[in-house]
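This report concerns only the one structure given below.
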Amino acid sequence: MANFQSPVPSGDSQPPPGFPRHIELDGRTLEGGGQLVRNALALSALTSRTVTINHVRGNRGKPGLKASHAAAVKLLAEISRSKVNGGEVGSQCVTFEPKAPASDESTSSNFHKSPLVSLLELSVQPEYTIQLPTPGSVFLIFQALYPYLLHVGSRAETDCVKVTITGGTNGSSSPSYDYASQVMAPNFAQLGLPPLSIDLHKRGWTIGPIEMGTVTFHVHPLGSIVNDEGAPDTRFPQINIMDYEHGKITQIDITVLAPDSKLSGESKTVRKYIEKQTRRRLRQVVQIMDSSNFDIPTDPDSDRADIVPITIHTSEPTTHRSRVYLLLVAHTSTGFRIGVDGFMGNEKASGPPNKKHKNGKKAKHHETRDHQIQAHESVTSCIDALIEVFVEEISKQGRDPAKDAKRSVLDLHMRDQIVVFEALGEAHGGTDKTKSRQQEGEQYWSLHTQTSKWVCQKMLETE
């Protein structure tokens with residue numbers, strides 16, 4: 001295991017002319033939260049450009065660095081030998097100053113638009129460990145580390161770099177372990193990034209009683225993939241998301257995390273009830289959707305509900321009534337995964353399940369009824385969101401299809417995860433030409449996606 005050490009002071013060398021050494025960002029821009037910080041730190045470490053973020057998480061009710069952000073800053077500083085000012089929890093201004101590359105290294109960089117940090121002086125350990133004091137999202141921490149580790153991981157002299165993080169694996173407003181392993185990792189590979197595997201040791205919850213969990217990421221660095229000439233390819237792949245076709249649905253997976261408490265008037269538990277309702281509703285939707293959305297035989301007499309596999313990928317009992325989670329993942333014929341998920345129930349509930357009302361009656365019946373209503377609403381909401389990805393919202397009548405702005409092949413949350421890699425692939429100066437002239441509709445971008453694009457523009461642009 002690597003221990004955190006004080007960063008080595010930066011050198012005096014400067015990047016090539018035209019590349020600003022110091023970037024200042026307003027942390028209140030657009031989404032104004034943690035993603036702005038994470039993306040800026042990753043690109044700072046990669047390009048050796050100092051970044052100062054003012055008004056950190058300025059659009060949040062409690063601004064400043066959280067423990068998860070501080071942990072990401074600390075590990076990035078250790079690996080990249082950077083100086084940090086304001087990296088403590090609560091800081092509303094942070095400066096991350098990587099060690100500047102020597103002049104001969106920076107001019108020979110294989111980045112086309114921006115200098116890439118040199119690997120010559122880096123010493124990367126085969127394994128790192130982060131332990132959070134609270135169950136902050138382990139996947140949001142990893143978001144800040146992943147691009148940098150892809151580049152420098154080859155210095156570890158192992159097949160992959162292991163990063164074990166103790167914190168939260170299942171919580172609201174952040175990717176769950178299930179979404180990360182079933183959607184994010186396969187899609188990264190489909191877009192040309194090296195294999196990423198994720199091991200769950202224990203779930204960590206922010207919903208219900210606080211509980212810490214642990215996950216290990218196995219990061220295979222750039223160079224793990226061989227190019228057409230048979231040599232290791234150490235460039236970030238060029239990604240034009242509109243080069244990829246949507247494809248058709250070939251399979252739908254269901255993940256249910258819910259308690260095994262019995263429902264009133266039902267023979268099934270909460271978990272089994274949600275499984276049943278999700279299967280039933282999905283089959284109904286499949287039957288009425290246009291057949292062009294599914295990879296099924298053209299036989300008009302075929303039963304699509306039976307031909308399109310709807311399977312339980314994961315079903316686990318939870319230990320508290322508020323820990324009820326549903327994930328739907330559609331596999332496509334072009335190799336992508338579309339995921340939608342959500343929690344149902346009272347996320348803040350943490351008291352005993354049989355708390356009494358003022359009239360002395362137990363709340364168990366009402367709680368059971370609430371679970372049924374919430375389950376039905378959550379199942380319907382997730383299914384509607386999943387199907388929406390496959391429905392074209394822009395009319396093509398009287399218009400040139402090549403000029404229509406469309407939705408990408410990715411779901412809303414996956415879309416913002418790849419913005420950094422799109423920018424790095426372009427900056428890395430590959431010569432591959434993308435084939436698509438199709439425009440992506442900005443109306444399909446989340447605020448996180450817009451924020452990521454803004455940060456990449458600021459961190460990678462020339463003067």
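Order determines the names: the first chain of the structure tokens is A, the second B, and so forth; residues in each chain are numbered 1 upward, and ligands are numbered 1 upward as they are shown.
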Requested in this report: Pull the strand (DSSP E or B) assignments for range 19-211 of chain A out of DSSP run on the backbone, and list those residues as a PyMOL selection string.
Outcome: chain A and resi 22-26+50-54+83-85+93-97+127-131+137+161-168+170+196-202+205+211
Query raised in the report: Hey, can you check how far CA of Thr52 in chain A sits from CA of Lys66 in chain A?
Result: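 One can read the CA of Thr52 in chain A to CA of Lys66 in chain A distance as 16.8 Å.
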Report summary line: Restricting to only C-alpha atoms, whichever of A:His313, A:His55, A:His448, A:Lys202 is closest to Val420 in chain A is A:His448
Report task. Determine, counting only C-alpha atoms, which protein, DNA and RNA residues have an atom within 9 Å of an atom of Asp178 in chain A; residues of the same chain fewer than 2 positions away are not included. Present the result as a PyMOL selection string. Result -> chain A and resi 169-170+175-176+180-183+255+314+327
Output of the above residues as a short mmCIF file (atom, residue, chain, number, x, y, z; two decimals), in the first residue's frame, restricted to C-alpha atoms:
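Output below, filename result_28.cif:
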data_model
loop_
_atom_site.label_atom_id
_atom_site.label_comp_id
_atom_site.auth_asym_id
_atom_site.auth_seq_id
_atom_site.Cartn_x
_atom_site.Cartn_y
_atom_site.Cartn_z
CA THR A 169 -21.44 2.56 -2.67
CA ASN A 170 -25.20 3.20 -2.74
CA PRO A 175 -23.54 6.51 -9.22
CA SER A 176 -24.23 3.25 -7.40
CA ALA A 180 -20.89 1.66 -12.30
CA SER A 181 -20.26 -2.06 -12.84
CA GLN A 182 -23.17 -2.80 -15.19
CA VAL A 183 -23.23 0.41 -17.24
CA THR A 255 -31.39 -5.09 -10.23
CA THR A 314 -29.07 -8.89 -9.06
CA LEU A 327 -31.76 -0.37 -11.70
#
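Nearest residue to Cys456 in chain A, choosing from A:Thr29, A:Ser197, A:Glu377, A:Leu36 and counting only C-alpha atoms: A:Leu36.
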Requested in this report: Tell me which protein, DNA and RNA residues are within 8 Å of Arg57 in chain A, counting only C-alpha atoms, leaving out same-chain ones fewer than 4 positions away, and put them as a PyMOL selection string.
Outcome: chain A and resi 27-28+32-34+37+62-65+92
Preceding selection exported with N, CA and C atoms as an mmCIF file, in the first residue's frame:
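Final output, saved to result-v7.cif:
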data_model
loop_
_atom_site.group_PDB
_atom_site.id
_atom_site.type_symbol
_atom_site.label_atom_id
_atom_site.label_comp_id
_atom_site.auth_asym_id
_atom_site.auth_seq_id
_atom_site.Cartn_x
_atom_site.Cartn_y
_atom_site.Cartn_z
ATOM 1 N N GLY A 27 -15.986 28.319 -9.359
ATOM 2 C CA GLY A 27 -16.672 27.099 -8.968
ATOM 3 C C GLY A 27 -18.179 27.195 -8.939
ATOM 4 N N ARG A 28 -18.731 28.372 -9.208
ATOM 5 C CA ARG A 28 -20.181 28.556 -9.243
ATOM 6 C C ARG A 28 -20.753 28.393 -10.649
ATOM 7 N N GLY A 32 -21.932 24.005 -10.823
ATOM 8 C CA GLY A 32 -21.386 24.642 -9.621
ATOM 9 C C GLY A 32 -21.204 23.729 -8.438
ATOM 10 N N GLY A 33 -20.890 22.443 -8.684
ATOM 11 C CA GLY A 33 -20.732 21.488 -7.597
ATOM 12 C C GLY A 33 -19.426 20.733 -7.688
ATOM 13 N N GLY A 34 -19.472 19.466 -7.262
ATOM 14 C CA GLY A 34 -18.248 18.675 -7.166
ATOM 15 C C GLY A 34 -17.683 18.225 -8.491
ATOM 16 N N VAL A 37 -15.035 20.451 -9.841
ATOM 17 C CA VAL A 37 -13.771 20.278 -9.117
ATOM 18 C C VAL A 37 -13.043 19.021 -9.592
ATOM 19 N N LYS A 62 -24.110 23.868 1.264
ATOM 20 C CA LYS A 62 -22.937 23.943 2.122
ATOM 21 C C LYS A 62 -21.708 23.921 1.224
ATOM 22 N N PRO A 63 -21.228 25.110 0.812
ATOM 23 C CA PRO A 63 -20.107 25.164 -0.136
ATOM 24 C C PRO A 63 -18.803 24.673 0.474
ATOM 25 N N GLY A 64 -17.803 24.526 -0.380
ATOM 26 C CA GLY A 64 -16.481 24.084 0.065
ATOM 27 C C GLY A 64 -16.248 22.611 -0.217
ATOM 28 N N LEU A 65 -14.994 22.195 -0.090
ATOM 29 C CA LEU A 65 -14.628 20.803 -0.344
ATOM 30 C C LEU A 65 -15.261 19.871 0.684
ATOM 31 N N GLN A 92 -12.993 26.780 0.379
ATOM 32 C CA GLN A 92 -13.751 27.323 -0.745
ATOM 33 C C GLN A 92 -12.852 27.881 -1.834
#
Query raised in the report: Can you tell me how far CA of Gln131 in chain A sits from CA of Gly167 in chain A, in Å to one decimal?
Result: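 One can read the CA of Gln131 in chain A to CA of Gly167 in chain A distance as 6.7 Å.
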